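Q: data-v3.cif is reproduced in full below (mmCIF, C-alpha atoms and all ligand atoms).
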data_upload
loop_
_atom_site.label_atom_id
_atom_site.label_comp_id
_atom_site.auth_asym_id
_atom_site.auth_seq_id
_atom_site.Cartn_x
_atom_site.Cartn_y
_atom_site.Cartn_z
CA MET Y 1 82.43 -10.49 -70.20
CA LEU Y 2 84.62 -11.61 -73.13
CA VAL Y 3 82.77 -9.05 -75.25
CA LEU Y 4 83.84 -6.30 -72.83
CA PHE Y 5 87.48 -7.39 -73.09
CA ARG Y 6 87.25 -7.55 -76.87
CA LYS Y 7 85.81 -4.02 -76.91
CA THR Y 8 88.22 -2.56 -74.36
CA PRO Y 9 91.26 -4.88 -74.24
CA VAL Y 10 93.12 -2.66 -71.78
CA ILE Y 11 90.66 -3.75 -69.03
CA GLY Y 12 91.44 -7.41 -69.76
CA ALA Y 13 95.17 -6.64 -69.76
CA LEU Y 14 94.96 -4.93 -66.34
CA LEU Y 15 92.85 -7.78 -64.94
CA ALA Y 16 95.48 -10.27 -66.18
CA GLN Y 17 98.22 -8.44 -64.25
CA VAL Y 18 96.09 -8.25 -61.08
CA VAL Y 19 95.17 -11.96 -61.21
CA ALA Y 20 98.78 -12.93 -61.95
CA LEU Y 21 100.14 -11.14 -58.83
CA PRO Y 22 98.93 -13.58 -56.12
CA VAL Y 23 99.75 -16.56 -58.34
CA VAL Y 24 103.34 -15.37 -58.69
CA ALA Y 25 103.54 -14.54 -54.97
CA VAL Y 26 102.51 -18.10 -54.08
CA ILE Y 27 105.00 -19.64 -56.54
CA THR Y 28 107.95 -17.48 -55.49
CA ALA Y 29 107.34 -17.42 -51.71
CA PRO Y 30 109.22 -20.70 -51.05
CA LEU Y 31 112.25 -19.30 -52.96
CA SER Y 32 112.59 -16.24 -50.73
CA THR Y 33 114.81 -17.98 -48.19
CA SER Y 34 117.12 -19.67 -50.70
CA VAL Y 35 117.47 -17.17 -53.57
CA GLU Y 36 119.17 -13.74 -53.45
CA ARG Y 37 116.98 -10.62 -53.65
CA LEU Y 38 117.82 -9.51 -57.21
CA PRO Y 39 117.54 -12.92 -58.92
CA LEU Y 40 114.32 -13.50 -56.99
CA ILE Y 41 112.85 -10.23 -58.28
CA ALA Y 42 113.92 -11.14 -61.82
CA ILE Y 43 112.26 -14.57 -61.52
CA ALA Y 44 109.10 -12.97 -60.14
CA LEU Y 45 108.92 -10.39 -62.95
CA VAL Y 46 109.40 -12.99 -65.69
CA LEU Y 47 106.78 -15.23 -64.05
CA GLN Y 48 104.41 -12.28 -63.69
CA GLY Y 49 104.78 -11.57 -67.42
CA LEU Y 50 104.28 -15.20 -68.40
CA VAL Y 51 101.22 -15.74 -66.20
CA ALA Y 52 99.66 -12.43 -67.27
CA ALA Y 53 100.31 -13.26 -70.94
CA GLY Y 54 98.67 -16.66 -70.42
CA ILE Y 55 95.62 -14.98 -68.89
CA THR Y 56 95.31 -12.48 -71.76
CA ARG Y 57 95.30 -15.50 -74.08
CA LEU Y 58 92.49 -17.11 -72.03
CA LEU Y 59 90.59 -13.82 -72.26
CA ARG Y 60 91.06 -14.01 -76.05
CA LEU Y 61 92.72 -10.62 -76.33
CA PRO Y 62 94.42 -9.90 -79.67
CA ARG Y 63 97.91 -11.39 -79.92
CA TRP Y 64 99.89 -8.19 -79.47
CA TRP Y 65 98.49 -7.94 -75.92
CA LEU Y 66 100.44 -11.09 -75.03
CA LEU Y 67 103.66 -9.25 -75.72
CA ILE Y 68 102.49 -6.19 -73.81
CA ALA Y 69 101.41 -8.38 -70.86
CA PHE Y 70 104.81 -10.06 -70.81
CA LEU Y 71 106.92 -6.92 -71.16
CA PHE Y 72 104.91 -4.65 -68.84
CA PRO Y 73 106.10 -6.14 -65.49
CA LEU Y 74 109.69 -6.29 -66.76
CA ALA Y 75 109.57 -2.63 -67.78
CA MET Y 76 107.96 -1.52 -64.52
CA GLY Y 77 110.38 -3.63 -62.48
CA SER Y 78 113.43 -2.27 -64.30
CA VAL Y 79 112.32 1.31 -63.80
CA LEU Y 80 111.73 0.76 -60.07
CA LEU Y 81 115.04 -1.05 -59.64
CA ILE Y 82 117.08 1.55 -61.51
CA GLY Y 83 115.84 4.10 -58.96
CA ASN Y 84 116.39 7.84 -59.21
CA LEU Y 85 115.75 8.44 -62.89
CA PRO Y 86 114.52 11.88 -64.01
CA ALA Y 87 110.78 11.92 -64.74
CA TRP Y 88 110.84 13.85 -68.03
CA PRO Y 89 111.91 10.96 -70.37
CA PHE Y 90 108.90 8.97 -69.18
CA GLY Y 91 106.63 11.96 -69.75
CA LEU Y 92 108.06 12.44 -73.23
CA VAL Y 93 107.70 8.75 -74.15
CA PHE Y 94 104.15 8.79 -72.81
CA LEU Y 95 103.31 11.88 -74.87
CA VAL Y 96 104.73 10.40 -78.09
CA LEU Y 97 102.92 7.09 -77.52
CA ALA Y 98 99.68 8.94 -76.76
CA LEU Y 99 99.99 10.99 -79.96
CA VAL Y 100 100.64 7.88 -82.05
CA PHE Y 101 98.32 5.37 -80.39
CA SER Y 102 95.62 7.49 -78.66
CA ASN Y 103 93.01 6.22 -81.13
CA THR Y 104 93.93 2.54 -80.81
CA THR Y 105 91.99 1.67 -77.66
CA ARG Y 106 88.86 3.37 -79.03
CA GLY Y 107 88.96 2.20 -82.64
CA ARG Y 108 90.96 -1.01 -82.08
CA VAL Y 109 93.02 -0.28 -85.19
CA PRO Y 110 96.76 -0.23 -84.50
CA LEU Y 111 99.42 1.23 -86.79
CA TYR Y 112 101.05 -1.14 -89.25
CA LEU Y 113 101.88 -0.29 -92.81
CA THR Y 114 101.11 -1.55 -96.30
CA ASN Y 115 104.26 -2.83 -97.98
CA ALA Y 116 105.65 -1.58 -101.29
CA GLU Y 117 104.58 -4.69 -103.22
CA THR Y 118 100.96 -4.24 -102.17
CA ALA Y 119 101.06 -0.55 -103.07
CA SER Y 120 102.40 -1.48 -106.50
CA VAL Y 121 99.57 -4.00 -107.00
CA LEU Y 122 97.07 -1.31 -106.03
CA LYS Y 123 98.62 0.99 -108.61
CA ASP Y 124 98.20 -1.70 -111.31
CA LEU Y 125 94.63 -2.25 -110.18
CA MET Y 126 93.87 1.45 -110.60
CA ARG Y 127 95.53 1.52 -114.03
CA ASP Y 128 93.50 -1.53 -115.16
CA ARG Y 129 90.25 0.06 -114.03
CA ALA Y 130 91.23 3.51 -115.35
CA ALA Y 131 90.43 4.74 -111.85
CA SER Y 132 91.51 8.29 -111.09
CA ARG Y 133 90.51 8.84 -107.46
CA VAL Y 134 91.52 6.78 -104.46
CA LEU Y 135 91.11 7.30 -100.74
CA ASP Y 136 93.03 5.46 -98.00
CA LEU Y 137 90.87 5.33 -94.88
CA GLY Y 138 93.25 5.41 -91.91
CA CYS Y 139 96.26 6.27 -94.08
CA GLY Y 140 98.95 5.89 -91.38
CA LEU Y 141 102.17 7.51 -92.62
CA GLY Y 142 100.59 7.97 -96.06
CA GLY Y 143 102.80 5.51 -97.97
CA VAL Y 144 99.90 4.17 -100.04
CA VAL Y 145 98.68 7.68 -100.81
CA ARG Y 146 102.09 8.79 -102.06
CA ALA Y 147 102.57 5.58 -104.05
CA LEU Y 148 99.24 5.92 -105.85
CA ASP Y 149 99.23 9.66 -106.47
CA GLY Y 150 100.35 10.92 -109.88
CA GLU Y 151 100.04 9.91 -113.55
CA GLY Y 152 96.54 11.38 -113.55
CA ARG Y 153 95.55 9.74 -110.29
CA ARG Y 154 94.48 11.76 -107.27
CA ALA Y 155 95.19 9.98 -103.99
CA ARG Y 156 93.97 11.16 -100.60
CA GLY Y 157 94.28 9.84 -97.09
CA VAL Y 158 92.52 10.47 -93.81
CA GLU Y 159 94.17 9.79 -90.46
CA ASN Y 160 93.12 10.59 -86.89
CA ALA Y 161 96.22 9.83 -84.76
CA PRO Y 162 97.83 13.27 -84.31
CA ALA Y 163 101.53 12.40 -84.62
CA VAL Y 164 100.94 9.93 -87.44
CA TYR Y 165 98.85 12.49 -89.32
CA LEU Y 166 101.57 15.12 -88.90
CA ALA Y 167 104.25 12.80 -90.25
CA ALA Y 168 102.07 11.79 -93.22
CA ARG Y 169 101.20 15.41 -93.96
CA LEU Y 170 104.84 16.50 -93.90
CA LEU Y 171 105.93 13.59 -96.10
CA SER Y 172 103.16 14.46 -98.53
CA LEU Y 173 104.20 18.14 -98.57
CA PHE Y 174 107.90 17.34 -99.06
CA THR Y 175 107.26 14.86 -101.88
CA GLY Y 176 104.40 16.86 -103.43
CA LYS Y 177 102.38 13.65 -103.57
CA GLY Y 178 98.87 13.07 -102.31
CA GLU Y 179 96.60 14.91 -99.91
CA ILE Y 180 96.47 14.03 -96.23
CA ARG Y 181 93.63 15.21 -94.05
CA ARG Y 182 93.27 14.89 -90.28
CA GLY Y 183 89.90 13.38 -89.52
CA ASP Y 184 87.76 10.46 -88.60
CA LEU Y 185 87.27 7.87 -91.33
CA TRP Y 186 83.67 7.43 -90.19
CA LYS Y 187 82.92 11.05 -91.03
CA THR Y 188 84.80 11.11 -94.34
CA ASP Y 189 82.99 11.66 -97.63
CA VAL Y 190 83.61 8.65 -99.85
CA SER Y 191 81.00 9.42 -102.50
CA GLN Y 192 83.42 10.68 -105.19
CA GLU Y 193 86.07 7.93 -104.95
CA ASP Y 194 86.68 5.29 -107.61
CA VAL Y 195 88.59 3.15 -105.14
CA VAL Y 196 88.55 3.18 -101.34
CA TYR Y 197 91.35 1.27 -99.63
CA ALA Y 198 91.56 0.27 -95.97
CA PHE Y 199 94.02 -1.74 -93.88
CA LEU Y 200 92.43 -1.68 -90.45
CA SER Y 201 91.50 -4.67 -88.26
CA PRO Y 202 88.65 -7.16 -88.02
CA ALA Y 203 86.82 -4.94 -85.49
CA PRO Y 204 85.40 -2.19 -87.74
CA MET Y 205 84.80 -4.18 -90.94
CA ALA Y 206 81.04 -4.79 -90.63
CA ALA Y 207 80.28 -1.16 -89.79
CA LEU Y 208 82.72 0.06 -92.43
CA TRP Y 209 80.96 -1.97 -95.11
CA GLN Y 210 77.62 -0.48 -94.05
CA LYS Y 211 79.05 2.99 -94.56
CA LEU Y 212 80.83 2.27 -97.83
CA SER Y 213 78.06 0.26 -99.48
CA ALA Y 214 75.62 3.07 -98.66
CA GLU Y 215 77.85 6.01 -99.61
CA MET Y 216 80.21 4.96 -102.42
CA LYS Y 217 79.06 5.44 -106.00
CA PRO Y 218 77.95 2.47 -108.14
CA GLY Y 219 80.83 0.99 -110.12
CA SER Y 220 83.43 1.96 -107.54
CA LEU Y 221 85.51 -0.54 -105.57
CA PHE Y 222 86.38 -1.13 -101.95
CA VAL Y 223 89.68 -2.93 -101.35
CA SER Y 224 90.44 -4.24 -97.87
CA ASN Y 225 93.93 -5.40 -97.01
CA SER Y 226 93.87 -8.61 -94.92
CA PHE Y 227 90.47 -8.19 -93.28
CA ALA Y 228 87.30 -9.46 -94.93
CA VAL Y 229 83.87 -7.98 -94.37
CA PRO Y 230 81.96 -10.53 -92.29
CA ASP Y 231 79.07 -12.24 -94.09
CA VAL Y 232 79.74 -10.49 -97.41
CA ASP Y 233 81.33 -12.42 -100.26
CA PRO Y 234 84.13 -10.46 -101.90
CA ASP Y 235 84.08 -10.43 -105.67
CA GLU Y 236 87.73 -11.49 -105.69
CA ILE Y 237 90.49 -12.28 -103.22
CA TRP Y 238 94.00 -11.58 -104.44
CA GLU Y 239 96.79 -13.39 -102.67
CA LEU Y 240 100.06 -11.59 -103.27
CA SER Y 241 103.48 -13.17 -103.41
CA ASP Y 242 105.06 -10.83 -100.85
CA ALA Y 243 106.66 -12.18 -97.67
CA ARG Y 244 103.53 -11.81 -95.57
CA LYS Y 245 101.26 -13.28 -98.28
CA THR Y 246 99.04 -10.24 -98.24
CA ARG Y 247 95.43 -10.86 -99.17
CA LEU Y 248 93.38 -8.16 -100.81
CA PHE Y 249 89.59 -8.48 -100.61
CA LEU Y 250 87.79 -6.74 -103.48
CA TYR Y 251 84.23 -5.56 -103.02
CA PRO Y 252 82.60 -3.85 -106.01
CA ILE Y 253 79.95 -1.34 -105.04
CA GLY Y 254 76.47 -1.62 -106.46
CA LYS Y 255 76.77 -5.21 -107.62
CA ALA Y 256 73.57 -7.09 -106.80
CA GLU Y 257 73.76 -10.25 -104.65
CA GLY Y 258 74.60 -13.29 -106.79
CA GLU Y 259 76.33 -11.20 -109.44
CA ALA Y 260 79.79 -11.87 -107.98
CA ASP Y 261 82.34 -13.31 -110.37
CA GLY Y 262 82.55 -16.49 -108.33
CA GLU Y 263 86.30 -16.45 -107.62
CA ALA Y 264 85.96 -15.78 -103.93
CA ASP Y 265 85.51 -19.41 -102.84
CA GLY Y 266 89.29 -19.64 -102.87
CA ALA Y 267 92.02 -17.05 -103.11
CA ALA Y 268 92.98 -16.11 -106.66
CA ASP Y 269 96.54 -15.11 -107.33
CA ARG Y 270 96.79 -11.52 -108.32
CA PRO Y 271 96.06 -11.25 -112.07
CA ALA Y 272 99.26 -10.62 -114.04
C1 LIG Y 301 96.90 -0.48 -89.96
S1 LIG Y 301 97.19 1.22 -90.17
C2 LIG Y 301 97.21 1.32 -91.94
C3 LIG Y 301 97.97 2.51 -92.44
C4 LIG Y 301 97.94 2.70 -93.96
N1 LIG Y 301 96.59 2.66 -94.47
C5 LIG Y 301 98.77 1.65 -94.64
O1 LIG Y 301 98.13 0.70 -95.12
O2 LIG Y 301 99.98 1.75 -94.68
C6 LIG Y 301 95.58 1.87 -89.75
C7 LIG Y 301 95.58 3.35 -89.51
O3 LIG Y 301 94.23 3.75 -89.34
C8 LIG Y 301 94.20 4.82 -88.41
N2 LIG Y 301 92.84 4.94 -87.88
C9 LIG Y 301 92.22 4.09 -87.02
N3 LIG Y 301 90.97 4.52 -86.77
C10 LIG Y 301 90.79 5.64 -87.50
C11 LIG Y 301 89.69 6.53 -87.67
N4 LIG Y 301 88.54 6.34 -87.03
N5 LIG Y 301 89.84 7.58 -88.50
C12 LIG Y 301 91.02 7.79 -89.15
N6 LIG Y 301 92.09 6.99 -89.02
C13 LIG Y 301 91.98 5.91 -88.22
C14 LIG Y 301 95.25 4.41 -87.38
O4 LIG Y 301 95.71 5.53 -86.64
C15 LIG Y 301 96.34 3.81 -88.28
O5 LIG Y 301 97.27 4.79 -88.65
#
Now, as a test, write the supplied structure out as structure tokens.

A:
Amino acid sequence: MLVLFRKTPVIGALLAQVVALPVVAVITAPLSTSVERLPLIAIALVLQGLVAAGITRLLRLPRWWLLIAFLFPLAMGSVLLIGNLPAWPFGLVFLVLALVFSNTTRGRVPLYLTNAETASVLKDLMRDRAASRVLDLGCGLGGVVRALDGEGRRARGVENAPAVYLAARLLSLFTGKGEIRRGDLWKTDVSQEDVVYAFLSPAPMAALWQKLSAEMKPGSLFVSNSFAVPDVDPDEIWELSDARKTRLFLYPIGKAEGEADGEADGAADRPA
């Protein structure tokens, strides 16, 4: 059952709200005679959010679902209480969210972005390796692609969320930096890249490594931001000095087992 919730967290989130309803009803029932209607509704909505968030935790959903579970009843309650609002703003918000996050429930990779310090470290890494081609799998708004493109380097990104792709493509066109393609990272050709970069989530890492280790050329490098490949020792782990203490996991392609440089037992600071 937990596997189902891990695969499709939205089912766990809905279940949490359904289970929380009777619990909140039982807790708030005795208050109905002594507390005014509006404060009572507010108490019930906050309780509903708290209980649902607690249940999503028990179901081991990723942390951001706690926030969603807590805010959802408050948002629904506010909308119902405010009354006769026009429907179109909700439709518009839904459309924008769908265009940005439509791939998240399937791929379990939300949108968050690589910071400038990490992009700068990646640029140094490419310079040190004299690497000229880099691909960002799931490039988001394309910040890494634009940061790495130029000075003889060709940077490309692939992105499948429609609105995110459009924004990345436009930014790339306006700045003249990088190439952004709309597509599925799983179907993307990685065979010509010197470096492949990904900042995804723990969910796809095992399958992603299978693809990359089979398709990337020997001597190339896979760099994963924050998420290690399960059961595969990285050659190096770089811990950056940015605010979020970003960790970069470096996996050389075509290195035989046991040939690793042996730094991966602990995190190495990024080489100066
Ligand atoms: C965490 S963001 C990272 C964005 C960017 N690489 C960065 O580091 O700033 C992951 C991105 O991968 C995209 N993504 C998830 N699954 C994908 C897939 N199967 N194909 C292409 N893009 C995907 C998401 O839409 C999201 O924009």

Q: Find the residues near region 168-182 of chain Y: any atom within 7 Å, counting only C-alpha atoms, skip ones fewer than 4 places away on the same chain, and give them as a PyMOL selection string.

A: chain Y and resi 140-142+145-146+149+154-160+164

Q: Taking all atoms of ligand LIG 301 (chain Y) that the file lists, what box with edges along x, y and z, padded by 3 Å per side, do you get, with centre and edge lengths in Å to one decimal, as JSON?

A:
{"center_x": 94.3, "center_y": 3.7, "center_z": -90.9, "size_x": 17.4, "size_y": 14.3, "size_z": 14.5}

Q: Taking only residues of chain Y that have an atom at most 6 Å from an atom of ligand LIG 301 (chain Y), what is each one's shortest atom pair and its distance in Å to one decimal, using all atoms listed in the file, in chain and number order, as a Markdown table?

A:
| residue | atom | partner | partner_atom | distance |
| --- | --- | --- | --- | --- |
| Y:Gly107 | CA | Y:LIG301 | N3 | 5.1 |
| Y:Val109 | CA | Y:LIG301 | C9 | 4.8 |
| Y:Pro110 | CA | Y:LIG301 | C1 | 5.5 |
| Y:Leu111 | CA | Y:LIG301 | S1 | 4.0 |
| Y:Tyr112 | CA | Y:LIG301 | C1 | 4.3 |
| Y:Leu113 | CA | Y:LIG301 | O2 | 3.4 |
| Y:Thr114 | CA | Y:LIG301 | O2 | 3.8 |
| Y:Asp136 | CA | Y:LIG301 | N1 | 5.7 |
| Y:Gly138 | CA | Y:LIG301 | O3 | 3.2 |
| Y:Cys139 | CA | Y:LIG301 | N1 | 3.6 |
| Y:Gly140 | CA | Y:LIG301 | O5 | 3.4 |
| Y:Gly143 | CA | Y:LIG301 | O2 | 5.7 |
| Y:Val144 | CA | Y:LIG301 | O2 | 5.9 |
| Y:Val158 | CA | Y:LIG301 | C12 | 5.6 |
| Y:Glu159 | CA | Y:LIG301 | N6 | 3.8 |
| Y:Asn160 | CA | Y:LIG301 | C12 | 4.2 |
| Y:Ala161 | CA | Y:LIG301 | O4 | 4.7 |
| Y:Gly183 | CA | Y:LIG301 | C12 | 5.7 |
| Y:Asp184 | CA | Y:LIG301 | N5 | 3.6 |
| Y:Leu185 | CA | Y:LIG301 | N5 | 3.8 |
| Y:Trp186 | CA | Y:LIG301 | N4 | 5.9 |
| Y:Ala198 | CA | Y:LIG301 | N1 | 5.8 |
| Y:Phe199 | CA | Y:LIG301 | C2 | 4.8 |
| Y:Leu200 | CA | Y:LIG301 | C1 | 4.7 |

Q: May I have the residues from that selection written out with C-alpha atoms, as an mmCIF file, in the coordinates of the input?

A:
data_model
loop_
_atom_site.group_PDB
_atom_site.id
_atom_site.type_symbol
_atom_site.label_atom_id
_atom_site.label_comp_id
_atom_site.auth_asym_id
_atom_site.auth_seq_id
_atom_site.Cartn_x
_atom_site.Cartn_y
_atom_site.Cartn_z
ATOM 1 C CA GLY Y 107 88.960 2.200 -82.640
ATOM 2 C CA VAL Y 109 93.020 -0.280 -85.190
ATOM 3 C CA PRO Y 110 96.760 -0.230 -84.500
ATOM 4 C CA LEU Y 111 99.420 1.230 -86.790
ATOM 5 C CA TYR Y 112 101.050 -1.140 -89.250
ATOM 6 C CA LEU Y 113 101.880 -0.290 -92.810
ATOM 7 C CA THR Y 114 101.110 -1.550 -96.300
ATOM 8 C CA ASP Y 136 93.030 5.460 -98.000
ATOM 9 C CA GLY Y 138 93.250 5.410 -91.910
ATOM 10 C CA CYS Y 139 96.260 6.270 -94.080
ATOM 11 C CA GLY Y 140 98.950 5.890 -91.380
ATOM 12 C CA GLY Y 143 102.800 5.510 -97.970
ATOM 13 C CA VAL Y 144 99.900 4.170 -100.040
ATOM 14 C CA VAL Y 158 92.520 10.470 -93.810
ATOM 15 C CA GLU Y 159 94.170 9.790 -90.460
ATOM 16 C CA ASN Y 160 93.120 10.590 -86.890
ATOM 17 C CA ALA Y 161 96.220 9.830 -84.760
ATOM 18 C CA GLY Y 183 89.900 13.380 -89.520
ATOM 19 C CA ASP Y 184 87.760 10.460 -88.600
ATOM 20 C CA LEU Y 185 87.270 7.870 -91.330
ATOM 21 C CA TRP Y 186 83.670 7.430 -90.190
ATOM 22 C CA ALA Y 198 91.560 0.270 -95.970
ATOM 23 C CA PHE Y 199 94.020 -1.740 -93.880
ATOM 24 C CA LEU Y 200 92.430 -1.680 -90.450
#

Q: Measuring between only C-alpha atoms, which one of Y:Ala20, Y:Trp65, Y:Gly150, Y:Arg37 shows the shortest distance to Ala52 (chain Y)?

A: Y:Ala20

Q: I'd like the neighbourhood of Leu58 (chain Y) as a PyMOL selection string, where a residue qualifies if any of its atoms comes within 12 Å (using all atoms listed in the file), though same-chain residues fewer than 4 positions away should be ignored.

A: chain Y and resi 2+5-6+12-13+15-16+51-54+62-63+65-66

Q: Y:Leu166, Y:Leu99, Y:Ala228, Y:Leu135: which is nearest Ser201 (chain Y), counting all atoms listed in the file?

A: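 Closest to Ser201 (chain Y) of all the choices is Y:Ala228.
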
Q: Work out how far apart CA of Ile27 (chain Y) and CA of Ile68 (chain Y) are and give it in Å to one decimal.

A: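 Distance between the two atoms: 22.0 Å.
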
Q: Given the choices Y:Thr28, Y:Ser226, Y:Thr118, Y:Thr188, which gets closest to Ala42 (chain Y) if the distance is worked out from all atoms listed in the file?

A: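 So, comparing all the options, the nearest one is Y:Thr28.
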
Q: Quick check, in Å to one decimal: how far apart do CA of Pro162 (chain Y) and CA of Trp88 (chain Y) lie?

A: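 Atom-to-atom, CA of Pro162 (chain Y) to CA of Trp88 (chain Y), that is 20.8 Å.
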
Q: Given the point (88.3, -9.9, -99.0) in the file's coordinates, find the residues that have an atom at most 9 Å from it, counting all atoms listed in the file, and give them as JSON, numbers by chain.

A: {"Y": [223, 224, 225, 226, 227, 228, 229, 232, 233, 234, 235, 236, 237, 238, 247, 248, 249, 250, 251, 264]}

Q: Using CA of Pro86 (chain Y) and CA of Ile43 (chain Y) as the two end points, give the distance in Å to one decimal.

A: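 So the two atoms, CA of Pro86 (chain Y) and CA of Ile43 (chain Y), lie 26.7 Å apart.
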
Q: List every protein, DNA or RNA residue that has an atom no more than 12 Å from (121.3, -4.9, -53.8) in the file's coordinate frame, counting only C-alpha atoms, and report them as a ChimeraX atom specification.

A: /Y:36-41,81-83

Q: Nearest to Pro202 (chain Y) among Y:Pro230, Y:Leu80, Y:Val19, Y:Arg129, with distances taken over all atoms listed in the file: which residue is it?

A: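 Smallest separation from Pro202 (chain Y) among the options: Y:Pro230.
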
Q: Take region 36-43 of chain Y, model all heavy atoms, and hand the result over as a short mmCIF file (atom, residue, chain, number, x, y, z; two decimals), in the coordinates of the input.

A:
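The result, stored in out-v1.cif:
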data_model
loop_
_atom_site.label_atom_id
_atom_site.label_comp_id
_atom_site.auth_asym_id
_atom_site.auth_seq_id
_atom_site.Cartn_x
_atom_site.Cartn_y
_atom_site.Cartn_z
N GLU Y 36 118.81 -15.15 -53.72
CA GLU Y 36 119.17 -13.74 -53.45
C GLU Y 36 118.06 -12.80 -53.91
O GLU Y 36 117.25 -13.14 -54.77
CB GLU Y 36 120.44 -13.38 -54.24
CG GLU Y 36 121.68 -14.12 -53.82
CD GLU Y 36 122.33 -13.49 -52.59
OE1 GLU Y 36 122.34 -12.25 -52.52
OE2 GLU Y 36 122.78 -14.25 -51.71
N ARG Y 37 118.09 -11.55 -53.38
CA ARG Y 37 116.98 -10.62 -53.65
C ARG Y 37 116.82 -10.31 -55.15
O ARG Y 37 115.73 -10.44 -55.71
CB ARG Y 37 117.23 -9.33 -52.86
CG ARG Y 37 116.14 -8.30 -53.04
CD ARG Y 37 116.35 -7.09 -52.12
NE ARG Y 37 115.57 -5.97 -52.56
CZ ARG Y 37 115.97 -5.02 -53.40
NH1 ARG Y 37 117.19 -5.09 -53.89
NH2 ARG Y 37 115.18 -4.03 -53.76
N LEU Y 38 117.94 -9.93 -55.80
CA LEU Y 38 117.82 -9.51 -57.21
C LEU Y 38 117.37 -10.63 -58.14
O LEU Y 38 116.43 -10.45 -58.93
CB LEU Y 38 119.14 -8.91 -57.69
CG LEU Y 38 119.26 -7.39 -57.56
CD1 LEU Y 38 120.58 -6.91 -58.12
CD2 LEU Y 38 118.10 -6.68 -58.23
N PRO Y 39 118.03 -11.82 -58.07
CA PRO Y 39 117.54 -12.92 -58.92
C PRO Y 39 116.08 -13.27 -58.62
O PRO Y 39 115.31 -13.59 -59.53
CB PRO Y 39 118.46 -14.09 -58.58
CG PRO Y 39 119.65 -13.49 -57.92
CD PRO Y 39 119.23 -12.20 -57.32
N LEU Y 40 115.70 -13.17 -57.35
CA LEU Y 40 114.32 -13.50 -56.99
C LEU Y 40 113.34 -12.53 -57.66
O LEU Y 40 112.30 -12.93 -58.21
CB LEU Y 40 114.15 -13.44 -55.46
CG LEU Y 40 112.78 -13.84 -54.95
CD1 LEU Y 40 112.46 -15.29 -55.31
CD2 LEU Y 40 112.68 -13.65 -53.43
N ILE Y 41 113.72 -11.22 -57.63
CA ILE Y 41 112.85 -10.23 -58.28
C ILE Y 41 112.77 -10.51 -59.78
O ILE Y 41 111.68 -10.45 -60.38
CB ILE Y 41 113.39 -8.78 -58.03
CG1 ILE Y 41 113.26 -8.45 -56.54
CG2 ILE Y 41 112.63 -7.78 -58.87
CD1 ILE Y 41 113.84 -7.11 -56.16
N ALA Y 42 113.92 -10.85 -60.38
CA ALA Y 42 113.92 -11.14 -61.82
C ALA Y 42 113.01 -12.32 -62.13
O ALA Y 42 112.20 -12.27 -63.08
CB ALA Y 42 115.35 -11.41 -62.29
N ILE Y 43 113.12 -13.38 -61.30
CA ILE Y 43 112.26 -14.57 -61.52
C ILE Y 43 110.79 -14.17 -61.41
O ILE Y 43 109.94 -14.54 -62.23
CB ILE Y 43 112.60 -15.68 -60.49
CG1 ILE Y 43 114.00 -16.23 -60.76
CG2 ILE Y 43 111.57 -16.81 -60.55
CD1 ILE Y 43 114.52 -17.16 -59.67
#
